[in-house]
>>> print(open('data08.csv').read())   # CSV, C-alpha atoms and all ligand atoms
chain,number,residue,atom,x,y,z
A,1,MET,CA,3.2,16.7,38.4
A,2,THR,CA,2.6,20.0,36.8
A,3,ILE,CA,5.2,21.6,34.4
A,4,VAL,CA,5.3,25.3,34.0
A,5,VAL,CA,7.8,26.8,31.6
A,6,SER,CA,8.0,30.6,31.3
A,7,GLU,CA,10.1,32.9,29.2
A,8,LEU,CA,12.6,30.2,28.4
A,9,ARG,CA,15.5,31.2,26.2
A,10,ARG,CA,18.5,29.4,24.8
A,11,ARG,CA,20.8,30.6,22.1
A,12,PHE,CA,23.4,28.7,20.1
A,13,GLY,CA,25.6,31.3,18.5
A,14,GLY,CA,23.3,33.3,16.3
A,15,VAL,CA,20.4,30.9,16.6
A,16,ALA,CA,17.6,31.4,19.1
A,17,ALA,CA,16.7,27.7,19.6
A,18,LEU,CA,14.3,28.7,22.4
A,19,ASP,CA,13.0,32.3,22.1
A,20,GLY,CA,10.7,32.8,25.1
A,21,VAL,CA,8.8,29.5,25.5
A,22,GLU,CA,5.6,29.6,27.5
A,23,LEU,CA,4.0,26.3,28.3
A,24,SER,CA,1.9,24.9,31.1
A,25,VAL,CA,1.2,21.2,31.4
A,26,ARG,CA,-1.3,19.9,33.9
A,27,SER,CA,-0.7,16.9,36.1
A,28,GLY,CA,-1.6,13.7,34.2
A,29,GLU,CA,-1.7,15.3,30.8
A,30,PHE,CA,-0.2,13.9,27.7
A,31,VAL,CA,1.1,16.8,25.6
A,32,ALA,CA,2.6,16.5,22.1
A,33,LEU,CA,5.2,19.0,20.9
A,34,LEU,CA,4.7,19.4,17.2
A,35,GLY,CA,6.7,21.6,14.9
A,36,ALA,CA,8.9,21.8,11.9
A,37,SER,CA,12.5,20.7,12.0
A,38,GLY,CA,14.6,23.2,13.9
A,39,SER,CA,11.6,24.8,15.8
A,40,GLY,CA,13.2,24.0,19.2
A,41,LYS,CA,11.3,20.8,20.3
A,42,THR,CA,14.4,18.8,21.3
A,43,THR,CA,16.1,21.8,23.0
A,44,LEU,CA,13.0,22.3,25.1
A,45,LEU,CA,12.8,18.7,26.1
A,46,ARG,CA,16.5,18.6,26.9
A,47,ALA,CA,16.1,21.8,29.0
A,48,LEU,CA,13.3,20.1,31.0
A,49,ALA,CA,15.4,17.0,31.5
A,50,GLY,CA,18.3,19.1,32.8
A,51,LEU,CA,20.6,18.2,29.9
A,52,GLU,CA,20.6,21.7,28.5
A,53,PHE,CA,21.0,24.9,30.4
A,54,PRO,CA,18.7,27.8,29.5
A,55,ASP,CA,20.1,31.3,29.2
A,56,ALA,CA,17.0,32.8,30.8
A,57,GLY,CA,13.5,31.9,32.0
A,58,ARG,CA,12.1,29.3,34.5
A,59,ILE,CA,11.1,25.7,34.6
A,60,LEU,CA,8.9,24.7,37.5
A,61,ILE,CA,8.0,21.1,38.2
A,62,ASP,CA,5.3,20.8,40.7
A,63,GLY,CA,6.0,24.3,41.7
A,64,ARG,CA,9.7,23.7,42.3
A,65,ASP,CA,12.3,25.7,40.4
A,66,MET,CA,14.5,23.4,38.5
A,67,ALA,CA,17.4,25.9,37.9
A,68,SER,CA,19.7,24.3,40.4
A,69,VAL,CA,18.4,20.7,40.3
A,70,PRO,CA,20.6,18.3,38.3
A,71,ALA,CA,19.2,15.9,35.8
A,72,ARG,CA,19.4,12.9,38.0
A,73,ALA,CA,17.5,14.5,40.8
A,74,ARG,CA,14.6,15.7,38.7
A,75,GLY,CA,12.6,12.4,38.8
A,76,ILE,CA,12.2,12.6,35.0
A,77,GLY,CA,12.3,9.6,32.7
A,78,PHE,CA,13.3,10.2,29.1
A,79,VAL,CA,13.4,8.3,25.8
A,80,PHE,CA,15.2,9.7,22.8
A,81,GLN,CA,15.0,8.4,19.3
A,82,ASN,CA,18.7,7.7,19.2
A,83,TYR,CA,19.2,7.1,22.8
A,84,ALA,CA,20.9,3.8,22.1
A,85,LEU,CA,20.8,1.0,24.5
A,86,PHE,CA,24.1,-0.2,25.9
A,87,ARG,CA,25.0,-2.9,23.4
A,88,HIS,CA,27.4,-4.8,25.7
A,89,MET,CA,24.6,-5.1,28.4
A,90,THR,CA,21.7,-7.5,28.4
A,91,VAL,CA,18.2,-6.1,28.3
A,92,ALA,CA,17.9,-6.7,32.1
A,93,GLY,CA,21.2,-4.9,32.6
A,94,ASN,CA,20.0,-1.9,30.5
A,95,ILE,CA,16.7,-1.7,32.3
A,96,GLY,CA,18.3,-1.8,35.8
A,97,PHE,CA,21.0,0.6,34.9
A,98,GLY,CA,19.4,3.7,36.4
A,99,LEU,CA,18.8,1.9,39.7
A,100,ARG,CA,22.3,0.4,39.9
A,101,ILE,CA,24.0,3.8,39.6
A,102,ARG,CA,22.1,5.4,42.4
A,103,PRO,CA,24.0,6.6,45.4
A,104,TRP,CA,24.3,3.6,47.8
A,105,ARG,CA,21.9,5.1,50.3
A,106,SER,CA,19.0,5.0,47.9
A,107,ARG,CA,20.2,2.1,45.8
A,108,PRO,CA,17.9,-0.9,46.0
A,109,SER,CA,19.3,-4.4,46.7
A,110,ARG,CA,20.3,-6.7,43.9
A,111,ALA,CA,17.3,-8.8,44.5
A,112,GLU,CA,15.0,-5.8,44.5
A,113,ILE,CA,16.5,-4.5,41.3
A,114,ALA,CA,16.0,-8.0,39.7
A,115,ARG,CA,12.4,-8.1,40.8
A,116,ARG,CA,11.8,-4.6,39.5
A,117,VAL,CA,13.4,-5.4,36.1
A,118,GLU,CA,11.0,-8.4,35.8
A,119,GLU,CA,8.1,-6.2,36.6
A,120,LEU,CA,9.1,-3.7,33.9
A,121,LEU,CA,9.7,-6.4,31.3
A,122,GLU,CA,6.1,-7.5,32.0
A,123,LEU,CA,4.9,-3.9,31.7
A,124,VAL,CA,6.5,-3.4,28.3
A,125,ARG,CA,5.3,-6.8,27.2
A,126,LEU,CA,8.7,-8.4,26.9
A,127,PRO,CA,8.6,-11.1,29.6
A,128,GLY,CA,11.5,-13.6,29.5
A,129,LEU,CA,13.7,-11.4,27.2
A,130,GLY,CA,15.9,-10.0,30.0
A,131,GLY,CA,18.8,-12.2,29.0
A,132,ARG,CA,19.0,-11.1,25.4
A,133,TYR,CA,21.3,-8.4,24.0
A,134,PRO,CA,19.9,-5.3,22.2
A,135,ASP,CA,21.2,-6.7,18.9
A,136,GLN,CA,18.9,-9.7,19.3
A,137,LEU,CA,15.7,-7.5,19.4
A,138,SER,CA,13.6,-5.8,16.8
A,139,GLY,CA,13.5,-2.0,16.6
A,140,GLY,CA,10.1,-1.9,18.3
A,141,GLN,CA,11.3,-4.2,21.1
A,142,ARG,CA,14.4,-2.0,21.6
A,143,GLN,CA,12.3,1.1,22.0
A,144,ARG,CA,10.2,-0.7,24.6
A,145,VAL,CA,13.3,-1.6,26.4
A,146,ALA,CA,14.4,2.1,26.3
A,147,LEU,CA,11.0,2.9,27.7
A,148,ALA,CA,11.4,0.3,30.5
A,149,ARG,CA,14.8,1.8,31.3
A,150,ALA,CA,13.2,5.3,31.6
A,151,LEU,CA,10.4,3.9,33.8
A,152,ALA,CA,12.8,2.1,36.1
A,153,ILE,CA,13.4,5.1,38.3
A,154,GLU,CA,9.6,5.5,38.7
A,155,PRO,CA,9.4,8.9,37.2
A,156,ARG,CA,6.3,11.0,37.4
A,157,VAL,CA,7.2,12.9,34.3
A,158,LEU,CA,8.1,11.2,31.0
A,159,LEU,CA,9.8,13.0,28.1
A,160,LEU,CA,9.8,11.3,24.8
A,161,ASP,CA,11.7,12.6,21.7
A,162,GLU,CA,10.4,10.9,18.6
A,163,PRO,CA,10.7,7.6,20.3
A,164,PHE,CA,9.2,5.7,17.4
A,165,GLY,CA,10.7,7.7,14.6
A,166,ALA,CA,12.7,4.9,13.2
A,167,LEU,CA,10.0,2.3,13.1
A,168,ASP,CA,7.6,1.4,10.3
A,169,ALA,CA,4.1,2.8,10.3
A,170,THR,CA,2.2,-0.2,11.6
A,171,VAL,CA,4.5,-0.9,14.5
A,172,ARG,CA,4.7,2.8,15.2
A,173,ARG,CA,0.9,3.1,15.5
A,174,GLU,CA,0.6,0.1,17.7
A,175,LEU,CA,3.3,1.3,20.0
A,176,ARG,CA,2.0,4.8,20.3
A,177,LEU,CA,-1.5,3.6,21.3
A,178,TRP,CA,0.1,1.2,23.8
A,179,LEU,CA,2.2,4.1,25.2
A,180,ARG,CA,-0.8,6.2,25.7
A,181,GLY,CA,-2.4,3.4,27.7
A,182,LEU,CA,0.7,3.1,29.8
A,183,HIS,CA,0.7,6.8,30.5
A,184,ASP,CA,-2.9,6.6,31.7
A,185,ARG,CA,-2.3,3.5,33.8
A,186,LEU,CA,0.8,4.8,35.5
A,187,GLY,CA,-0.6,8.3,36.1
A,188,LEU,CA,2.3,10.0,34.3
A,189,THR,CA,2.6,13.5,33.0
A,190,SER,CA,4.2,13.2,29.5
A,191,LEU,CA,5.6,15.4,26.9
A,192,PHE,CA,6.0,13.8,23.5
A,193,VAL,CA,8.0,15.3,20.6
A,194,THR,CA,6.9,14.5,17.1
A,195,HIS,CA,6.7,16.0,13.7
A,196,ASP,CA,4.0,13.6,12.6
A,197,GLN,CA,0.8,15.5,13.0
A,198,ASP,CA,-1.4,12.4,12.9
A,199,GLU,CA,0.6,11.0,15.8
A,200,ALA,CA,0.2,14.2,17.8
A,201,LEU,CA,-3.5,14.6,17.0
A,202,GLU,CA,-4.3,11.0,17.8
A,203,LEU,CA,-2.4,10.7,21.0
A,204,ALA,CA,-2.3,13.9,22.9
A,205,ASP,CA,-4.7,15.6,25.3
A,206,ARG,CA,-3.2,18.9,24.0
A,207,VAL,CA,-0.8,19.7,21.2
A,208,ALA,CA,1.8,22.5,21.6
A,209,VAL,CA,2.7,23.8,18.2
A,210,MET,CA,6.3,25.2,18.1
A,211,ARG,CA,7.7,27.6,15.6
A,212,ASP,CA,11.0,29.6,15.7
A,213,GLY,CA,11.7,28.7,19.3
A,214,ARG,CA,8.2,29.5,20.7
A,215,VAL,CA,5.0,27.7,21.5
A,216,VAL,CA,2.6,29.5,19.1
A,217,GLN,CA,-0.5,27.6,20.3
A,218,CYS,CA,-1.3,24.9,22.8
A,219,ASP,CA,-4.8,23.4,22.5
A,220,THR,CA,-6.8,20.2,22.2
A,221,PRO,CA,-6.6,18.5,18.8
A,222,GLU,CA,-10.2,19.6,18.1
A,223,ALA,CA,-9.6,23.2,19.0
A,224,LEU,CA,-6.4,23.4,17.0
A,225,LEU,CA,-8.1,22.1,13.9
A,226,ALA,CA,-11.2,24.3,14.4
A,227,ARG,CA,-9.5,27.4,15.6
A,228,PRO,CA,-5.8,27.6,14.6
A,229,ALA,CA,-4.2,30.7,16.1
A,230,ASP,CA,-2.7,31.9,12.8
A,231,ALA,CA,-2.2,31.0,9.1
A,232,GLY,CA,1.1,29.2,10.0
A,233,VAL,CA,-0.7,26.8,12.4
A,234,ALA,CA,-3.6,26.3,9.9
A,235,GLY,CA,-1.2,25.5,7.1
A,236,PHE,CA,0.7,23.1,9.2
A,237,LEU,CA,-2.3,21.0,10.3
A,238,GLY,CA,-4.9,18.8,8.9
A,239,ASP,CA,-3.7,18.5,5.2
A,240,ALA,CA,-5.3,21.8,4.6
A,241,ALA,CA,-5.3,23.3,1.1
A,242,ARG,CA,-4.4,27.0,0.9
A,243,LEU,CA,-6.6,29.2,-1.3
A,244,GLY,CA,-6.5,32.9,-1.9
A,245,CYS,CA,-9.8,34.8,-1.4
A,246,GLU,CA,-11.2,38.2,-0.7
A,247,VAL,CA,-13.1,39.2,2.4
A,248,ARG,CA,-16.0,41.5,1.8
A,249,GLY,CA,-19.1,42.1,4.0
A,250,GLY,CA,-18.1,39.3,6.5
A,251,MET,CA,-17.8,36.7,3.7
A,252,ALA,CA,-14.8,35.2,2.0
A,253,TRP,CA,-15.2,35.1,-1.8
A,254,PHE,CA,-13.3,32.7,-3.9
A,255,ALA,CA,-12.7,32.6,-7.7
A,256,ALA,CA,-14.5,29.2,-8.2
A,257,LEU,CA,-16.1,28.2,-4.9
A,258,PRO,CA,-19.2,29.5,-3.1
A,259,PRO,CA,-18.5,32.1,-0.4
A,260,VAL,CA,-18.2,31.3,3.2
A,261,PRO,CA,-18.6,33.3,6.4
A,262,ALA,CA,-15.4,35.0,7.6
A,263,GLU,CA,-16.6,37.1,10.5
A,264,GLY,CA,-14.0,39.1,12.3
A,265,VAL,CA,-11.5,39.0,9.5
A,266,ALA,CA,-10.3,42.3,8.1
A,267,GLU,CA,-11.7,43.2,4.7
A,268,GLY,CA,-9.4,42.7,1.7
A,269,GLN,CA,-7.1,40.0,0.4
A,270,ALA,CA,-7.1,36.9,2.6
A,271,VAL,CA,-6.1,33.3,2.6
A,272,ALA,CA,-8.4,30.4,3.5
A,273,PHE,CA,-7.4,26.9,4.7
A,274,LEU,CA,-9.7,24.1,3.6
A,275,ARG,CA,-9.3,20.6,4.9
A,276,PRO,CA,-10.7,17.7,2.9
A,277,VAL,CA,-13.6,17.3,5.4
A,278,ASP,CA,-14.5,20.9,4.9
A,279,LEU,CA,-15.4,20.3,1.2
A,280,LEU,CA,-18.4,18.3,0.2
A,281,ALA,CA,-18.6,17.2,-3.4
A,282,GLU,CA,-22.0,16.5,-4.8
A,283,PRO,CA,-23.1,15.1,-8.1
A,284,GLY,CA,-24.6,17.5,-10.6
A,285,GLU,CA,-23.6,20.0,-13.2
A,286,GLY,CA,-21.2,22.5,-11.6
A,287,GLU,CA,-17.8,24.1,-12.0
A,288,ALA,CA,-15.9,21.2,-10.6
A,289,ARG,CA,-14.8,17.9,-12.0
A,290,VAL,CA,-13.7,14.7,-10.2
A,291,ALA,CA,-10.0,14.2,-11.0
A,292,ALA,CA,-9.3,11.2,-8.8
A,293,SER,CA,-10.9,9.1,-6.1
A,294,ARG,CA,-9.1,7.0,-3.5
A,295,GLN,CA,-9.9,5.1,-0.4
A,296,ASP,CA,-7.9,5.7,2.8
A,297,GLY,CA,-8.3,4.8,6.4
A,298,ARG,CA,-10.9,7.5,6.9
A,299,GLY,CA,-13.0,6.7,3.9
A,300,VAL,CA,-13.2,7.9,0.3
A,301,ARG,CA,-11.3,11.1,-0.6
A,302,LEU,CA,-11.8,12.8,-3.9
A,303,THR,CA,-9.5,15.1,-5.8
A,304,VAL,CA,-11.6,17.7,-7.5
A,305,ALA,CA,-10.5,20.2,-10.1
A,306,VAL,CA,-12.0,23.6,-9.3
A,307,GLY,CA,-10.9,26.4,-11.5
A,308,GLU,CA,-7.2,26.4,-11.4
A,309,SER,CA,-7.0,24.4,-8.2
A,310,LEU,CA,-6.9,20.7,-7.3
A,311,LEU,CA,-8.7,20.2,-3.9
A,312,GLU,CA,-9.3,17.2,-1.7
A,313,ALA,CA,-12.9,16.7,-0.8
A,314,VAL,CA,-15.3,14.1,0.5
A,315,PRO,CA,-18.1,12.8,-1.6
A,316,ALA,CA,-21.8,13.2,-0.6
A,317,PRO,CA,-23.1,10.1,1.1
A,318,GLY,CA,-24.2,7.4,-1.2
A,319,TRP,CA,-22.6,8.9,-4.3
A,320,GLN,CA,-20.1,6.7,-6.3
A,321,PRO,CA,-18.2,9.3,-8.3
A,322,ARG,CA,-16.5,8.5,-11.6
A,323,ARG,CA,-13.4,10.1,-12.8
A,324,GLY,CA,-14.1,13.1,-15.0
A,325,GLU,CA,-17.7,13.4,-13.7
A,326,ALA,CA,-18.9,17.0,-13.2
A,327,CYS,CA,-19.8,18.0,-9.6
A,328,ARG,CA,-20.5,20.8,-7.3
A,329,VAL,CA,-18.5,21.6,-4.2
A,330,ARG,CA,-19.9,22.9,-1.0
A,331,VAL,CA,-17.7,24.6,1.5
A,332,LEU,CA,-18.8,23.5,5.0
A,333,ALA,CA,-16.1,25.4,6.9
A,334,ALA,CA,-13.0,27.4,6.3
A,335,ARG,CA,-10.4,29.1,8.4
A,336,VAL,CA,-9.7,32.5,6.9
A,337,PHE,CA,-6.8,34.9,7.8
A,338,PRO,CA,-5.7,38.2,6.3
A,339,ALA,CA,-3.1,37.7,3.6
A,401,LIG,N1,24.1,22.0,20.4
A,401,LIG,C1,23.7,22.8,19.4
A,401,LIG,N2,24.6,23.7,18.8
A,401,LIG,C2,24.2,24.6,17.9
A,401,LIG,N3,23.0,24.7,17.5
A,401,LIG,C3,22.0,23.9,18.0
A,401,LIG,C4,22.4,22.9,19.0
A,401,LIG,N4,21.2,22.3,19.4
A,401,LIG,C5,20.2,22.8,18.6
A,401,LIG,N5,20.7,23.8,17.8
A,401,LIG,C6,19.9,24.6,16.8
A,401,LIG,O1,18.8,25.1,17.5
A,401,LIG,C7,17.6,25.0,16.7
A,401,LIG,C8,16.6,24.2,17.4
A,401,LIG,O2,17.0,22.8,17.4
A,401,LIG,P1,16.1,21.6,17.9
A,401,LIG,O3,17.0,20.4,17.8
A,401,LIG,O4,15.6,22.0,19.3
A,401,LIG,O5,14.9,21.6,16.9
A,401,LIG,P2,13.8,20.5,16.7
A,401,LIG,O6,12.5,21.2,16.6
A,401,LIG,O7,13.9,19.4,17.8
A,401,LIG,O8,14.2,19.9,15.3
A,401,LIG,P3,14.1,18.4,14.7
A,401,LIG,O9,12.6,18.1,14.5
A,401,LIG,O10,14.9,18.5,13.4
A,401,LIG,O11,14.7,17.4,15.7
A,401,LIG,C9,18.1,24.5,15.4
A,401,LIG,O12,18.3,25.6,14.5
A,401,LIG,C10,19.4,23.8,15.7
A,401,LIG,O13,20.3,23.8,14.6
>>> encode(input="data08.csv", output="structure tokens", more="lines below")
Ligand SMILES: Nc1ncnc2c1ncn2[C@@H]1O[C@H](COP(=O)(O)OP(=O)(O)OP(=O)(O)O)[C@@H](O)[C@H]1O
Amino acid sequence: MTIVVSELRRRFGGVAALDGVELSVRSGEFVALLGASGSGKTTLLRALAGLEFPDAGRILIDGRDMASVPARARGIGFVFQNYALFRHMTVAGNIGFGLRIRPWRSRPSRAEIARRVEELLELVRLPGLGGRYPDQLSGGQRQRVALARALAIEPRVLLLDEPFGALDATVRRELRLWLRGLHDRLGLTSLFVTHDQDEALELADRVAVMRDGRVVQCDTPEALLARPADAGVAGFLGDAARLGCEVRGGMAWFAALPPVPAEGVAEGQAVAFLRPVDLLAEPGEGEARVAASRQDGRGVRLTVAVGESLLEAVPAPGWQPRRGEACRVRVLAARVFPA
């Protein structure tokens, strides 16, 4: 299923929640919607699901205009962070709900619904738990039930709004990798809202960055990090430090770092975004000093004091830096925009 959104607008009083959204999702793609709070992510997802009515613009799903298609007829499954399960219903009751409320003509038989529910419980790795009530499950299990409920109608498009927002980091990571596998296996087309950039960059084929009711860039994680469309996107992604500089003769010049190429950027005051992996700290007398060193999942990260700034950097291979040690910092890459 392809999804094409064009010129989509939705106002709430004085607020333009959607201000001309353009987005195109290919069949089978997993796209993350990433953006600050209030940028319009949930409103866009709700409009796609048919729960919100745009003031203007179009939504095409597999080429079909959705304007007059009600939510139930869109063939879309959705999971919201606070889309609570029905507490008075068992897990099996919750999962089969979407099938039981179908018009009788398309409603499967009771036996067929029971069979399908068992299949879905297997799929979300909760076999045998159909008789439990939501209160008897962990948060992660509940979200998997919500997912099974969304999948019961055999949607081709899946919309997820911070589905794992309330879970702790370890469960969250495990569930998102599992979800990505499920998406691939079922051949779904998925849109996933998050404001966790690691989640977006790890999971998605492409990430659509939203700001002020618009998609400002939609690209692969690699392309977003390497070529952010503007300073706003660059600042939002990749734990980048922001450093003032001046562009002269195709180079960006810093107060206390060596210059880097900045081709195509207008001469004058500019701002550079430097990710930790862009800065290589090497032993030796230089202007910088090691302020701190820590190990994270991606290896050793140094905090180096350079002039007035504290910057995150990676150490040269084989070097075991000590705190306070002098070093030199090489800039491997930088994204530079006019100030
Ligand atoms: N029903 C509503 N009534 C009034 N204003 C609304 C309504 N829904 C959304 N808004 C406003 O529209 C803007 C976009 O909201 P939306 O929930 O889409 O943002 P979001 O990117 O999903 O934010 P978050 O990450 O905090 O969930 C916000 O300014 C919000 O206050």
>>> residues_near_ligand(input="data08.csv", ligand="ligand LIG 401 (chain A)", cutoff="8 Å", atoms="all atoms listed in the file", output="MDAnalysis selection string")
chainID A and resid 11:13 15:18 35:44 193:195 210 212:213
>>> closest_residue(input="data08.csv", among="A:Ala256, A:Ala241, A:Ala111, A:Leu126", to="Arg275 in chain A", atoms="all atoms listed in the file")
A:Ala241
>>> closest_atom_pairs(input="data08.csv", of="range 172-261 of chain A", to="range 20-28 of chain A", cutoff="10 Å", atoms="all atoms listed in the file", output="Markdown table")
| residue | atom | partner | partner_atom | distance |
| --- | --- | --- | --- | --- |
| A:His183 | CA | A:Gly28 | CA | 8.2 |
| A:Asp184 | CA | A:Gly28 | CA | 7.6 |
| A:Leu186 | CA | A:Gly28 | CA | 9.3 |
| A:Gly187 | CA | A:Gly28 | CA | 5.8 |
| A:Leu188 | CA | A:Gly28 | CA | 5.4 |
| A:Thr189 | CA | A:Gly28 | CA | 4.4 |
| A:Ser190 | CA | A:Gly28 | CA | 7.5 |
| A:Leu191 | CA | A:Val25 | CA | 8.6 |
| A:Asp205 | CA | A:Gly28 | CA | 9.6 |
| A:Arg206 | CA | A:Val25 | CA | 8.9 |
| A:Ala208 | CA | A:Leu23 | CA | 8.0 |
| A:Met210 | CA | A:Val21 | CA | 8.9 |
| A:Asp212 | CA | A:Gly20 | CA | 9.9 |
| A:Gly213 | CA | A:Val21 | CA | 6.9 |
| A:Arg214 | CA | A:Val21 | CA | 4.8 |
| A:Val215 | CA | A:Val21 | CA | 5.8 |
| A:Val216 | CA | A:Val21 | CA | 8.9 |
| A:Gln217 | CA | A:Leu23 | CA | 9.3 |
| A:Cys218 | CA | A:Leu23 | CA | 7.8 |
>>> residues_around(input="data08.csv", residues="Arg248 in chain A", least_positions_apart="4", cutoff="10 Å", atoms="only C-alpha atoms", output="mmCIF file with C-alpha atoms, in the frame of the given file")
data_model
loop_
_atom_site.group_PDB
_atom_site.id
_atom_site.type_symbol
_atom_site.label_atom_id
_atom_site.label_comp_id
_atom_site.auth_asym_id
_atom_site.auth_seq_id
_atom_site.Cartn_x
_atom_site.Cartn_y
_atom_site.Cartn_z
ATOM 1 C CA ALA A 252 -14.800 35.200 2.000
ATOM 2 C CA TRP A 253 -15.200 35.100 -1.800
ATOM 3 C CA PRO A 259 -18.500 32.100 -0.400
ATOM 4 C CA PRO A 261 -18.600 33.300 6.400
ATOM 5 C CA ALA A 262 -15.400 35.000 7.600
ATOM 6 C CA GLU A 263 -16.600 37.100 10.500
ATOM 7 C CA VAL A 265 -11.500 39.000 9.500
ATOM 8 C CA ALA A 266 -10.300 42.300 8.100
ATOM 9 C CA GLU A 267 -11.700 43.200 4.700
ATOM 10 C CA GLY A 268 -9.400 42.700 1.700
ATOM 11 C CA GLN A 269 -7.100 40.000 0.400
#
>>> atom_distance(input="data08.csv", atom1="CA of Arg294 in chain A", atom2="CA of Trp319 in chain A")
13.7 Å
>>> residues_around(input="data08.csv", residues="range 60-70 of chain A", least_positions_apart="2", cutoff="7 Å", atoms="all atoms listed in the file", output="ChimeraX atom specification")
/A:1-5,50,58,72-74
>>> residues_around(input="data08.csv", residues="Ala114 in chain A", least_positions_apart="4", cutoff="8 Å", atoms="all atoms listed in the file", output="compact mmCIF listing (two decimals) with C-alpha atoms, in the coordinates of the input")
# COMPACT_ATOMS: atom_id res chain seq x y z
CA ALA A 92 17.90 -6.70 32.10
CA GLY A 96 18.30 -1.80 35.80
CA ARG A 110 20.30 -6.70 43.90
CA GLU A 118 11.00 -8.40 35.80
>>> residues_near_point(input="data08.csv", point="(9.2, -6.6, 34.3)", cutoff="12 Å", atoms="only C-alpha atoms", output="VMD selection string")
chain A and resid 91 to 92 95 to 96 112 to 130 144 to 145 147 to 149 151 to 152
>>> atom_distance(input="data08.csv", atom1="CA of Met89 in chain A", atom2="CA of Gln136 in chain A")
11.7 Å
>>> closest_residue(input="data08.csv", among="A:Phe86, A:Trp178, A:Phe78, A:Phe97", to="Pro155 in chain A", atoms="all atoms listed in the file")
A:Phe78
>>> atom_distance(input="data08.csv", atom1="CA of Pro108 in chain A", atom2="CA of Arg132 in chain A")
23.0 Å
>>> closest_residue(input="data08.csv", among="A:Gly286, A:Arg87, A:Leu33, A:Arg9", to="Pro54 in chain A", atoms="only C-alpha atoms")
A:Arg9
>>> closest_residue(input="data08.csv", among="A:Leu302, A:Val209, A:Leu237, A:Arg335", to="Val260 in chain A", atoms="all atoms listed in the file")
A:Arg335
>>> residues_around(input="data08.csv", residues="Glu285 in chain A", least_positions_apart="3", cutoff="8 Å", atoms="all atoms listed in the file", output="PyMOL selection string")
chain A and resi 326-328
>>> residues_around(input="data08.csv", residues="Leu201 in chain A", least_positions_apart="2", cutoff="12 Å", atoms="all atoms listed in the file", output="PDB file with C-alpha atoms, in the frame of the given file")
ATOM      1  CA  PHE A  30      -0.200  13.900  27.700  1.00  0.00           C
ATOM      2  CA  VAL A  31       1.100  16.800  25.600  1.00  0.00           C
ATOM      3  CA  ALA A  32       2.600  16.500  22.100  1.00  0.00           C
ATOM      4  CA  LEU A  33       5.200  19.000  20.900  1.00  0.00           C
ATOM      5  CA  LEU A  34       4.700  19.400  17.200  1.00  0.00           C
ATOM      6  CA  ARG A 176       2.000   4.800  20.300  1.00  0.00           C
ATOM      7  CA  LEU A 177      -1.500   3.600  21.300  1.00  0.00           C
ATOM      8  CA  PHE A 192       6.000  13.800  23.500  1.00  0.00           C
ATOM      9  CA  THR A 194       6.900  14.500  17.100  1.00  0.00           C
ATOM     10  CA  HIS A 195       6.700  16.000  13.700  1.00  0.00           C
ATOM     11  CA  ASP A 196       4.000  13.600  12.600  1.00  0.00           C
ATOM     12  CA  GLN A 197       0.800  15.500  13.000  1.00  0.00           C
ATOM     13  CA  ASP A 198      -1.400  12.400  12.900  1.00  0.00           C
ATOM     14  CA  GLU A 199       0.600  11.000  15.800  1.00  0.00           C
ATOM     15  CA  LEU A 203      -2.400  10.700  21.000  1.00  0.00           C
ATOM     16  CA  ALA A 204      -2.300  13.900  22.900  1.00  0.00           C
ATOM     17  CA  ASP A 205      -4.700  15.600  25.300  1.00  0.00           C
ATOM     18  CA  ARG A 206      -3.200  18.900  24.000  1.00  0.00           C
ATOM     19  CA  VAL A 207      -0.800  19.700  21.200  1.00  0.00           C
ATOM     20  CA  ALA A 208       1.800  22.500  21.600  1.00  0.00           C
ATOM     21  CA  VAL A 209       2.700  23.800  18.200  1.00  0.00           C
ATOM     22  CA  ASP A 219      -4.800  23.400  22.500  1.00  0.00           C
ATOM     23  CA  THR A 220      -6.800  20.200  22.200  1.00  0.00           C
ATOM     24  CA  PRO A 221      -6.600  18.500  18.800  1.00  0.00           C
ATOM     25  CA  GLU A 222     -10.200  19.600  18.100  1.00  0.00           C
ATOM     26  CA  ALA A 223      -9.600  23.200  19.000  1.00  0.00           C
ATOM     27  CA  LEU A 224      -6.400  23.400  17.000  1.00  0.00           C
ATOM     28  CA  LEU A 225      -8.100  22.100  13.900  1.00  0.00           C
ATOM     29  CA  LEU A 237      -2.300  21.000  10.300  1.00  0.00           C
ATOM     30  CA  GLY A 238      -4.900  18.800   8.900  1.00  0.00           C
TER      31      GLY A 238
END
>>> residues_near_point(input="data08.csv", point="(12.6, 9.0, 31.3)", cutoff="6 Å", atoms="all atoms listed in the file", output="list in words")
Ile76, Gly77, Phe78, Val79, Ala150, Leu158 and Leu159 of chain A
